[in-house]
2 protein chains.
Amino acid sequence: MSVLKKSEGIPLYTQIRKSLRDDITKKVLAPGQKIPSEDELAAKFGVSRMTVRQGISDLIDEGLLYRRHGVGTFVAQPHFERDHSRLTSFVETAKEEGIDLSIRVLIADILPAKLKVAQSLSLEEGDLVVHVKTLRFITNLPITVHDTYVPYKLFPQLLQEDLESHHLWDILDSYGFRVKRAVQRLEAREADEEIARLLEMDEGLPILYKERTVYLDNGTPVEFTYCYNRGDRYSLTIVLNR
Amino acid sequence: MSVLKKSEGIPLYTQIRKSLRDDITKKVLAPGQKIPSEDELAAKFGVSRMTVRQGISDLIDEGLLYRRHGVGTFVAQPHFERDHSRLTSFVETAKEEGIDLSIRVLIADILPAKLKVAQSLSLEEGDLVVHVKTLRFITNLPITVHDTYVPYKLFPQLLQEDLESHHLWDILDSYGFRVKRAVQRLEAREADEEIARLLEMDEGLPILYKERTVYLDNGTPVEFTYCYNRGDRYSLTIVLNR
DNA sequence: TTAAATTCGCTGTATAGACGATTAATCGAC
DNA sequence: GTCGATTAATCGTCTATACAGCGAATTTAA
């Protein structure tokens with residue numbers, strides 16, 4: 001029996017969501033199984049039905065549950081990477097999975113934006129941007145080159161931060177900027193001389209090339225990055241919802 | 001002044017969402033601008049505040065609006081591909097954007113699943129799968145090879161469908177299966193002899209290689225596809241939300 | 001026996017109101 | 001003038017209830 005704490009600052013629907021999620025991960029509720037009806041859950045938790053629905057809705061968005069109008073709510077079959085559908089930084093993911101990731105800053109400077117960078121960041125060509133070029137290693141093997149651009153006028157102190165151990169988004173968060181969304185464009189390309197040298201591979205071999213623009217919740221672009229990933233060592237998994 | 005139709009089977013929150021979306025796209029509500037408070041909108045539309053919130057929530061998920069607790073709800077800065085964050089088939093997208101896409105079916109047969117396909121579709125090795133190999137053209141230039149596998153026991157009649165003009169997901173929809181989610185893994189690879197021949201390119205040039213598993217809302221996998229995209233003609237744009 | 005109608009359980013939509021939490025603006029004391 | 005407290009506006013959470021709409025099971029009728 002789950003009793004909710006009324007007064008801990010934690011919303012009731014959050015507690016309900018947690019309780020249901022626990023039941024699912026602990027297989028108290030098995031895949032395919034019908035969970036109690038919203039009325040029953042409302043009675044069990046001692047809340048109104050709308051509050052139960054709010055808790056359930058989040059789990060449906062996550063793909064843990066699904067509803068059948070007129071029938072009930074069911075536990076979905078677990079599928080790999082069910083939880084990977086949200087935007088997370090590579091650094092966060094690596095930490096969680098115990099991957100030995102290290103970052104070397106190659107360049108950190110301030111310069112006028114070229115056309116493409118300016119357009120991506122909603123700036124004028126020539127506006128100042130902070131530029132950080134990094135090389136990332138996994139278990140000491142070079143894997144990715146990043147060229148990141150951030151509007152100087154938004155973050156003039158950025159270069160004083162420790163960019164090798166803190167992820168950019170965490171730094172932005174600490175400034176109160178809420179990173180919300182990333183648009184990424186992917187291509188397969190041949191490695192040019194510079195990238196091949198940095199990634200210790202032969203020129204012409206395939207590179208997973210990525211252009212990424214990162215936005216705050218109000219739609220302001222705050223980061224534009226070119227990524228060059230070694231094709232034989234890097235794969236990207238993404239999850240899309242309909 | 002917007003008056004909602006009470007009795008057309010269209011939920012009020014859907015009508016409110018549409019009204020707000022129209023105001024945004026027609027710039028009646030400009031980016032950055034505060035929209036009327038929930039109480040004002042409730043009064044204007046003649047509905048309760050909860051109904052207004054339901055309409056607004058959808059637009060927030062889409063990134064069209066954002067909320068500031070204690071302050072108000074605002075129109076987000078428009079950003080390119082704001083609307084591309086949902087799972088849509090390439091065919092759907094192409095149609096909307098007027099791209100001249102054609103599909104040629106190279107192989108359509110039924111065979112026992114190999115290990116990887118079986119695992120991806122939650123089958124046993126050797127279980128029958130429907131296999132469809134297609135070559136896709138944009139303005140008559142070959143661009144992509146697809147190897148698609150679907151569990152035979154779920155769709156025994158699939159090969160009787162017109163696979164060149166109807167997208168697989170539309171066919172599944174017509175059977176009542178709700179496609180909900182796709183997990184895709186991307187790599188950059190070199191083209192092997194067969195792919196190079198089909199895509200009319202040189203062996204060894206970069207290919208954007210993609211493995212895709214498609215799930216219904218109940219978590220059942222229904223499609224597994226290997227995609228080989230010509231690196232110089234294909235780029236993939238994805239949007240991630242935090 | 002089969003087909004149509006009914007019932008029942010459940011989710012979907014909607015209401016009207018209450019109080020809490022956050023933010024920005026205003027006002028007052030020092 | 002500056003700082004702090006008050007206030008108003010607004011979103012966040014929650015209630016208790018009502019009826020509509022769907023789907024499956026059951027009952028009824030042909």
# chains A, B, ... in the order shown; residues from 1 in each chain; ligands from 1

$ calpha_fit_and_write --fixed "chain B" --moving "chain A" --output "mmCIF file with C-alpha atoms, in the first residue's frame"
data_model
loop_
_atom_site.group_PDB
_atom_site.id
_atom_site.type_symbol
_atom_site.label_atom_id
_atom_site.label_comp_id
_atom_site.auth_asym_id
_atom_site.auth_seq_id
_atom_site.Cartn_x
_atom_site.Cartn_y
_atom_site.Cartn_z
ATOM 1 C CA MET A 1 -13.131 36.911 -30.942
ATOM 2 C CA SER A 2 -13.034 33.201 -31.008
ATOM 3 C CA VAL A 3 -16.142 31.277 -30.249
ATOM 4 C CA LEU A 4 -15.768 27.566 -29.801
ATOM 5 C CA LYS A 5 -18.167 25.064 -31.194
ATOM 6 C CA LYS A 6 -19.513 23.053 -28.354
ATOM 7 C CA SER A 7 -20.883 20.175 -30.280
ATOM 8 C CA GLU A 8 -18.792 19.076 -33.202
ATOM 9 C CA GLY A 9 -17.038 16.211 -31.582
ATOM 10 C CA ILE A 10 -13.869 18.283 -31.513
ATOM 11 C CA PRO A 11 -12.618 18.688 -27.941
ATOM 12 C CA LEU A 12 -12.541 22.237 -26.669
ATOM 13 C CA TYR A 13 -8.832 22.098 -25.828
ATOM 14 C CA THR A 14 -8.125 21.074 -29.414
ATOM 15 C CA GLN A 15 -10.033 24.097 -30.680
ATOM 16 C CA ILE A 16 -8.190 26.355 -28.248
ATOM 17 C CA ARG A 17 -4.870 24.920 -29.325
ATOM 18 C CA LYS A 18 -5.761 25.539 -32.941
ATOM 19 C CA SER A 19 -6.849 29.082 -32.234
ATOM 20 C CA LEU A 20 -3.608 29.876 -30.437
ATOM 21 C CA ARG A 21 -1.510 28.190 -33.092
ATOM 22 C CA ASP A 22 -3.240 30.223 -35.766
ATOM 23 C CA ASP A 23 -2.630 33.427 -33.842
ATOM 24 C CA ILE A 24 1.045 32.561 -33.622
ATOM 25 C CA THR A 25 1.530 31.599 -37.249
ATOM 26 C CA LYS A 26 -0.405 34.657 -38.353
ATOM 27 C CA LYS A 27 1.743 36.797 -36.047
ATOM 28 C CA VAL A 28 -1.246 38.077 -34.156
ATOM 29 C CA LEU A 29 0.910 36.877 -31.293
ATOM 30 C CA ALA A 30 4.531 37.793 -32.016
ATOM 31 C CA PRO A 31 7.630 35.874 -30.873
ATOM 32 C CA GLY A 32 8.647 36.867 -27.370
ATOM 33 C CA GLN A 33 5.232 38.313 -26.662
ATOM 34 C CA LYS A 34 3.259 37.368 -23.599
ATOM 35 C CA ILE A 35 -0.018 35.712 -24.424
ATOM 36 C CA PRO A 36 -3.115 36.446 -22.324
ATOM 37 C CA SER A 37 -3.120 34.798 -18.918
ATOM 38 C CA GLU A 38 -4.864 31.486 -18.473
ATOM 39 C CA ASP A 39 -7.692 33.188 -16.607
ATOM 40 C CA GLU A 40 -8.189 35.679 -19.419
ATOM 41 C CA LEU A 41 -8.173 32.954 -22.046
ATOM 42 C CA ALA A 42 -10.633 30.925 -20.016
ATOM 43 C CA ALA A 43 -12.972 33.911 -19.917
ATOM 44 C CA LYS A 44 -12.449 34.685 -23.591
ATOM 45 C CA PHE A 45 -13.174 31.133 -24.710
ATOM 46 C CA GLY A 46 -15.828 30.593 -22.089
ATOM 47 C CA VAL A 47 -14.221 27.471 -20.656
ATOM 48 C CA SER A 48 -12.541 26.568 -17.416
ATOM 49 C CA ARG A 49 -8.899 27.280 -16.813
ATOM 50 C CA MET A 50 -7.903 23.620 -16.780
ATOM 51 C CA THR A 51 -9.177 23.264 -20.316
ATOM 52 C CA VAL A 52 -7.084 26.224 -21.423
ATOM 53 C CA ARG A 53 -4.045 24.693 -19.770
ATOM 54 C CA GLN A 54 -4.564 21.461 -21.655
ATOM 55 C CA GLY A 55 -4.552 23.327 -24.942
ATOM 56 C CA ILE A 56 -1.472 25.326 -24.016
ATOM 57 C CA SER A 57 0.445 22.270 -22.821
ATOM 58 C CA ASP A 58 0.441 20.743 -26.269
ATOM 59 C CA LEU A 59 1.886 23.898 -27.781
ATOM 60 C CA ILE A 60 4.575 23.971 -25.117
ATOM 61 C CA ASP A 61 5.552 20.416 -25.988
ATOM 62 C CA GLU A 62 5.780 21.532 -29.594
ATOM 63 C CA GLY A 63 8.059 24.395 -28.647
ATOM 64 C CA LEU A 64 5.655 27.105 -29.822
ATOM 65 C CA LEU A 65 5.152 28.514 -26.320
ATOM 66 C CA TYR A 66 7.002 28.517 -23.044
ATOM 67 C CA ARG A 67 5.873 29.231 -19.518
ATOM 68 C CA ARG A 68 7.508 31.249 -16.770
ATOM 69 C CA HIS A 69 6.162 30.365 -13.360
ATOM 70 C CA GLY A 70 4.731 33.434 -11.735
ATOM 71 C CA VAL A 71 5.176 35.551 -14.839
ATOM 72 C CA GLY A 72 3.197 34.312 -17.801
ATOM 73 C CA THR A 73 3.190 32.318 -21.008
ATOM 74 C CA PHE A 74 5.162 33.542 -23.996
ATOM 75 C CA VAL A 75 5.554 32.871 -27.700
ATOM 76 C CA ALA A 76 8.917 31.225 -28.396
ATOM 77 C CA GLN A 77 11.272 32.472 -31.079
ATOM 78 C CA PRO A 78 10.504 30.494 -34.198
ATOM 79 C CA HIS A 79 13.328 28.228 -35.145
ATOM 80 C CA PHE A 80 13.899 26.171 -38.172
ATOM 81 C CA GLU A 81 12.508 22.659 -38.023
ATOM 82 C CA ARG A 82 10.576 23.433 -34.893
ATOM 83 C CA ASP A 83 7.910 21.158 -36.237
ATOM 84 C CA HIS A 84 10.176 18.340 -37.337
ATOM 85 C CA SER A 85 10.630 16.790 -33.917
ATOM 86 C CA ARG A 86 8.107 14.034 -34.433
ATOM 87 C CA LEU A 87 8.496 10.733 -36.121
ATOM 88 C CA THR A 88 7.415 10.977 -39.730
ATOM 89 C CA SER A 89 8.199 8.693 -42.597
ATOM 90 C CA PHE A 90 10.528 9.888 -45.275
ATOM 91 C CA VAL A 91 7.710 9.345 -47.733
ATOM 92 C CA GLU A 92 5.371 11.644 -45.802
ATOM 93 C CA THR A 93 8.021 14.346 -45.582
ATOM 94 C CA ALA A 94 8.883 14.062 -49.236
ATOM 95 C CA LYS A 95 5.246 14.374 -50.234
ATOM 96 C CA GLU A 96 4.744 17.480 -48.115
ATOM 97 C CA GLU A 97 7.809 19.166 -49.517
ATOM 98 C CA GLY A 98 7.124 18.215 -53.103
ATOM 99 C CA ILE A 99 10.197 16.026 -53.509
ATOM 100 C CA ASP A 100 10.121 13.646 -56.451
ATOM 101 C CA LEU A 101 10.606 10.357 -54.631
ATOM 102 C CA SER A 102 10.254 6.972 -56.215
ATOM 103 C CA ILE A 103 10.727 3.486 -54.863
ATOM 104 C CA ARG A 104 11.736 0.307 -56.667
ATOM 105 C CA VAL A 105 11.201 -2.998 -54.917
ATOM 106 C CA LEU A 106 14.231 -5.188 -55.557
ATOM 107 C CA ILE A 107 13.296 -8.190 -53.448
ATOM 108 C CA ALA A 108 10.116 -9.161 -51.617
ATOM 109 C CA ASP A 109 10.192 -12.546 -49.984
ATOM 110 C CA ILE A 110 9.612 -14.531 -46.826
ATOM 111 C CA LEU A 111 12.540 -16.141 -45.059
ATOM 112 C CA PRO A 112 13.780 -17.254 -41.634
ATOM 113 C CA ALA A 113 15.162 -14.438 -39.508
ATOM 114 C CA LYS A 114 18.868 -14.242 -38.835
ATOM 115 C CA LEU A 115 20.007 -13.620 -35.291
ATOM 116 C CA LYS A 116 20.197 -9.840 -35.339
ATOM 117 C CA VAL A 117 16.868 -9.382 -37.085
ATOM 118 C CA ALA A 118 15.207 -11.881 -34.759
ATOM 119 C CA GLN A 119 16.550 -10.154 -31.667
ATOM 120 C CA SER A 120 15.471 -6.763 -32.888
ATOM 121 C CA LEU A 121 11.945 -8.012 -33.544
ATOM 122 C CA SER A 122 11.718 -10.086 -30.339
ATOM 123 C CA LEU A 123 11.543 -13.305 -32.368
ATOM 124 C CA GLU A 124 13.447 -16.563 -32.237
ATOM 125 C CA GLU A 125 16.205 -17.095 -34.757
ATOM 126 C CA GLY A 126 14.630 -18.860 -37.720
ATOM 127 C CA ASP A 127 11.123 -17.475 -37.212
ATOM 128 C CA LEU A 128 9.700 -16.327 -40.518
ATOM 129 C CA VAL A 129 9.970 -12.690 -41.484
ATOM 130 C CA VAL A 130 8.776 -10.760 -44.498
ATOM 131 C CA HIS A 131 11.781 -9.195 -46.175
ATOM 132 C CA VAL A 132 11.540 -6.249 -48.558
ATOM 133 C CA LYS A 133 14.589 -4.741 -50.204
ATOM 134 C CA THR A 134 14.018 -1.410 -51.895
ATOM 135 C CA LEU A 135 16.000 1.178 -53.761
ATOM 136 C CA ARG A 136 14.846 4.774 -53.415
ATOM 137 C CA PHE A 137 15.419 7.546 -55.898
ATOM 138 C CA ILE A 138 15.112 11.292 -55.645
ATOM 139 C CA THR A 139 14.660 12.927 -59.030
ATOM 140 C CA ASN A 140 15.754 9.583 -60.465
ATOM 141 C CA LEU A 141 19.089 9.567 -58.648
ATOM 142 C CA PRO A 142 19.598 6.513 -56.420
ATOM 143 C CA ILE A 143 19.964 7.593 -52.845
ATOM 144 C CA THR A 144 19.092 4.832 -50.395
ATOM 145 C CA VAL A 145 18.920 1.067 -50.081
ATOM 146 C CA HIS A 146 16.524 -0.331 -47.481
ATOM 147 C CA ASP A 147 16.414 -3.873 -46.126
ATOM 148 C CA THR A 148 13.216 -4.134 -44.162
ATOM 149 C CA TYR A 149 12.090 -7.054 -42.013
ATOM 150 C CA VAL A 150 8.615 -7.518 -40.548
ATOM 151 C CA PRO A 151 7.380 -10.453 -38.438
ATOM 152 C CA TYR A 152 5.511 -12.824 -40.743
ATOM 153 C CA LYS A 153 3.048 -13.911 -38.101
ATOM 154 C CA LEU A 154 1.904 -10.329 -37.568
ATOM 155 C CA PHE A 155 1.424 -9.493 -41.258
ATOM 156 C CA PRO A 156 1.133 -12.628 -43.379
ATOM 157 C CA GLN A 157 -0.587 -10.733 -46.198
ATOM 158 C CA LEU A 158 1.957 -7.944 -46.394
ATOM 159 C CA LEU A 159 3.387 -8.971 -49.743
ATOM 160 C CA GLN A 160 -0.022 -8.569 -51.360
ATOM 161 C CA GLU A 161 0.127 -4.844 -50.660
ATOM 162 C CA ASP A 162 1.463 -2.274 -53.090
ATOM 163 C CA LEU A 163 4.787 -1.530 -51.467
ATOM 164 C CA GLU A 164 6.017 0.845 -54.128
ATOM 165 C CA SER A 165 3.334 3.463 -53.665
ATOM 166 C CA HIS A 166 2.155 2.956 -50.092
ATOM 167 C CA HIS A 167 4.394 3.408 -47.148
ATOM 168 C CA LEU A 168 4.679 0.460 -44.790
ATOM 169 C CA TRP A 169 3.423 2.488 -41.852
ATOM 170 C CA ASP A 170 0.288 3.469 -43.686
ATOM 171 C CA ILE A 171 -0.337 -0.182 -44.405
ATOM 172 C CA LEU A 172 0.205 -1.041 -40.757
ATOM 173 C CA ASP A 173 -2.156 1.777 -39.782
ATOM 174 C CA SER A 174 -4.809 0.340 -42.070
ATOM 175 C CA TYR A 175 -4.485 -2.941 -40.163
ATOM 176 C CA GLY A 176 -5.105 -1.015 -36.934
ATOM 177 C CA PHE A 177 -1.503 -1.111 -35.718
ATOM 178 C CA ARG A 178 -0.402 2.189 -34.208
ATOM 179 C CA VAL A 179 3.178 3.031 -35.043
ATOM 180 C CA LYS A 180 4.493 5.032 -32.121
ATOM 181 C CA ARG A 181 8.243 5.052 -31.884
ATOM 182 C CA ALA A 182 11.433 4.362 -33.781
ATOM 183 C CA VAL A 183 14.894 3.717 -32.435
ATOM 184 C CA GLN A 184 17.637 4.406 -34.912
ATOM 185 C CA ARG A 185 21.331 3.739 -34.691
ATOM 186 C CA LEU A 186 23.559 5.673 -37.056
ATOM 187 C CA GLU A 187 27.089 5.129 -38.245
ATOM 188 C CA ALA A 188 29.332 6.323 -41.027
ATOM 189 C CA ARG A 189 30.606 3.372 -43.063
ATOM 190 C CA GLU A 190 32.348 2.601 -46.307
ATOM 191 C CA ALA A 191 30.198 1.399 -49.196
ATOM 192 C CA ASP A 192 30.732 -2.269 -49.973
ATOM 193 C CA GLU A 193 30.544 -3.642 -53.499
ATOM 194 C CA GLU A 194 26.789 -4.344 -53.571
ATOM 195 C CA ILE A 195 25.724 -1.037 -52.069
ATOM 196 C CA ALA A 196 28.129 0.890 -54.283
ATOM 197 C CA ARG A 197 26.709 -0.823 -57.362
ATOM 198 C CA LEU A 198 23.090 -0.150 -56.383
ATOM 199 C CA LEU A 199 23.752 3.483 -55.477
ATOM 200 C CA GLU A 200 25.990 3.993 -58.510
ATOM 201 C CA MET A 201 28.970 5.156 -56.504
ATOM 202 C CA ASP A 202 32.530 3.993 -55.872
ATOM 203 C CA GLU A 203 33.298 1.324 -53.313
ATOM 204 C CA GLY A 204 34.783 2.741 -50.110
ATOM 205 C CA LEU A 205 33.039 6.102 -50.269
ATOM 206 C CA PRO A 206 31.122 7.097 -47.133
ATOM 207 C CA ILE A 207 27.650 5.756 -46.451
ATOM 208 C CA LEU A 208 25.311 6.928 -43.728
ATOM 209 C CA TYR A 209 24.375 3.557 -42.287
ATOM 210 C CA LYS A 210 21.254 3.293 -40.171
ATOM 211 C CA GLU A 211 19.602 0.476 -38.248
ATOM 212 C CA ARG A 212 16.020 1.203 -37.353
ATOM 213 C CA THR A 213 13.557 -0.607 -35.139
ATOM 214 C CA VAL A 214 9.954 0.567 -35.150
ATOM 215 C CA TYR A 215 7.561 -0.065 -32.277
ATOM 216 C CA LEU A 216 3.830 0.143 -31.695
ATOM 217 C CA ASP A 217 2.472 2.063 -28.731
ATOM 218 C CA ASN A 218 2.369 -1.128 -26.688
ATOM 219 C CA GLY A 219 6.082 -1.642 -27.241
ATOM 220 C CA THR A 220 5.850 -4.462 -29.792
ATOM 221 C CA PRO A 221 8.530 -4.219 -32.468
ATOM 222 C CA VAL A 222 7.013 -4.403 -35.945
ATOM 223 C CA GLU A 223 9.809 -3.402 -38.291
ATOM 224 C CA PHE A 224 13.550 -3.681 -38.449
ATOM 225 C CA THR A 225 15.404 -1.989 -41.273
ATOM 226 C CA TYR A 226 18.958 -1.590 -42.448
ATOM 227 C CA CYS A 227 19.360 1.663 -44.394
ATOM 228 C CA TYR A 228 22.322 2.571 -46.573
ATOM 229 C CA ASN A 229 22.276 6.220 -47.587
ATOM 230 C CA ARG A 230 24.665 7.811 -50.068
ATOM 231 C CA GLY A 231 26.770 10.154 -47.977
ATOM 232 C CA ASP A 232 26.976 12.896 -50.578
ATOM 233 C CA ARG A 233 23.255 13.001 -51.296
ATOM 234 C CA TYR A 234 21.605 12.293 -48.002
ATOM 235 C CA SER A 235 21.520 14.140 -44.735
ATOM 236 C CA LEU A 236 19.299 13.402 -41.802
ATOM 237 C CA THR A 237 17.891 16.063 -39.531
ATOM 238 C CA ILE A 238 16.706 15.159 -36.080
ATOM 239 C CA VAL A 239 15.330 17.184 -33.229
ATOM 240 C CA LEU A 240 15.747 16.241 -29.612
ATOM 241 C CA ASN A 241 13.958 17.657 -26.610
ATOM 242 C CA ARG A 242 15.197 17.710 -23.100
#

$ interface_residues --of "chain C" --to "chain B" --cutoff "12 Å" --atoms "only C-alpha atoms (C1' of nucleotides)" --output "list in words"
DG12, DT13, DA14, DT15, DA16, DG17, DG20, DA21, DT22, DT23, DA24 and DA25 of chain C

$ closest_atom_pairs --of "chain D" --to "chain B" --cutoff "12 Å" --atoms "only C-alpha atoms (C1' of nucleotides)" --output "JSON lines"
{"residue": "D:DA8", "atom": "C1'", "partner": "B:Gly70", "partner_atom": "CA", "distance": 10.8}
{"residue": "D:DA9", "atom": "C1'", "partner": "B:Gly70", "partner_atom": "CA", "distance": 7.4}
{"residue": "D:DT10", "atom": "C1'", "partner": "B:Gly70", "partner_atom": "CA", "distance": 4.6}
{"residue": "D:DC11", "atom": "C1'", "partner": "B:His69", "partner_atom": "CA", "distance": 4.8}
{"residue": "D:DG12", "atom": "C1'", "partner": "B:His69", "partner_atom": "CA", "distance": 7.6}
{"residue": "D:DT13", "atom": "C1'", "partner": "B:Met50", "partner_atom": "CA", "distance": 11.3}
{"residue": "D:DC14", "atom": "C1'", "partner": "B:Met50", "partner_atom": "CA", "distance": 11.4}
{"residue": "D:DA20", "atom": "C1'", "partner": "B:Gly9", "partner_atom": "CA", "distance": 10.1}
{"residue": "D:DG21", "atom": "C1'", "partner": "B:Gly9", "partner_atom": "CA", "distance": 10.2}

$ write_last_selection --atoms "N, CA, C and O atoms (P, O5', C5', C4', C3', O3' and C1' of nucleotides)" --output "tab-separated table (two decimals), in the first residue's frame"
chain	number	residue	atom	x	y	z
D	8	DA	P	-3.32	43.96	-3.57
D	8	DA	O5'	-3.11	43.70	-5.13
D	8	DA	C5'	-2.23	44.56	-5.85
D	8	DA	C4'	-1.79	43.87	-7.12
D	8	DA	C3'	-2.85	42.99	-7.78
D	8	DA	O3'	-2.80	43.20	-9.18
D	8	DA	C1'	-0.92	41.71	-7.33
D	9	DA	P	-3.94	42.60	-10.12
D	9	DA	O5'	-3.10	41.64	-11.06
D	9	DA	C5'	-1.85	42.11	-11.57
D	9	DA	C4'	-1.06	40.95	-12.14
D	9	DA	C3'	-1.89	39.95	-12.95
D	9	DA	O3'	-1.23	39.72	-14.18
D	9	DA	C1'	-0.61	38.84	-11.29
D	10	DT	P	-1.92	38.86	-15.32
D	10	DT	O5'	-1.31	37.41	-15.13
D	10	DT	C5'	0.09	37.22	-15.21
D	10	DT	C4'	0.44	35.85	-14.73
D	10	DT	C3'	-0.46	34.74	-15.25
D	10	DT	O3'	0.23	34.04	-16.28
D	10	DT	C1'	0.16	34.44	-12.96
D	11	DC	P	-0.45	32.75	-16.96
D	11	DC	O5'	0.31	31.54	-16.24
D	11	DC	C5'	1.72	31.50	-16.28
D	11	DC	C4'	2.25	30.57	-15.20
D	11	DC	C3'	1.90	29.09	-15.40
D	11	DC	O3'	3.04	28.30	-15.06
D	11	DC	C1'	1.17	29.78	-13.29
D	12	DG	P	2.97	26.72	-15.07
D	12	DG	O5'	2.65	26.39	-13.53
D	12	DG	C5'	3.73	26.29	-12.61
D	12	DG	C4'	3.34	25.38	-11.44
D	12	DG	C3'	2.81	24.01	-11.85
D	12	DG	O3'	3.39	23.03	-11.02
D	12	DG	C1'	1.21	25.11	-10.52
D	13	DT	P	3.03	21.50	-11.19
D	13	DT	O5'	1.86	21.34	-10.12
D	13	DT	C5'	2.17	21.49	-8.74
D	13	DT	C4'	0.94	21.31	-7.91
D	13	DT	C3'	0.25	19.94	-8.08
D	13	DT	O3'	0.20	19.36	-6.79
D	13	DT	C1'	-1.32	21.70	-8.14
D	14	DC	P	-0.21	17.82	-6.59
D	14	DC	O5'	-1.78	17.90	-6.38
D	14	DC	C5'	-2.29	18.61	-5.26
D	14	DC	C4'	-3.79	18.73	-5.38
D	14	DC	C3'	-4.52	17.46	-5.82
D	14	DC	O3'	-5.07	16.84	-4.67
D	14	DC	C1'	-5.48	19.50	-6.67
D	20	DA	P	-24.08	13.00	-21.90
D	20	DA	O5'	-22.96	12.96	-23.05
D	20	DA	C5'	-21.96	13.97	-23.08
D	20	DA	C4'	-20.75	13.47	-23.86
D	20	DA	C3'	-21.07	12.43	-24.93
D	20	DA	O3'	-20.22	12.67	-26.04
D	20	DA	C1'	-19.58	11.50	-23.36
D	21	DG	P	-20.38	11.84	-27.37
D	21	DG	O5'	-19.27	10.71	-27.22
D	21	DG	C5'	-17.91	11.08	-27.16
D	21	DG	C4'	-17.05	9.83	-27.22
D	21	DG	C3'	-17.54	8.80	-28.23
D	21	DG	O3'	-16.39	8.23	-28.84
D	21	DG	C1'	-17.49	7.82	-26.10

$ atom_distance --atom1 "atom C1' of C:DC10" --atom2 "atom C1' of D:DT28"
24.2 Å
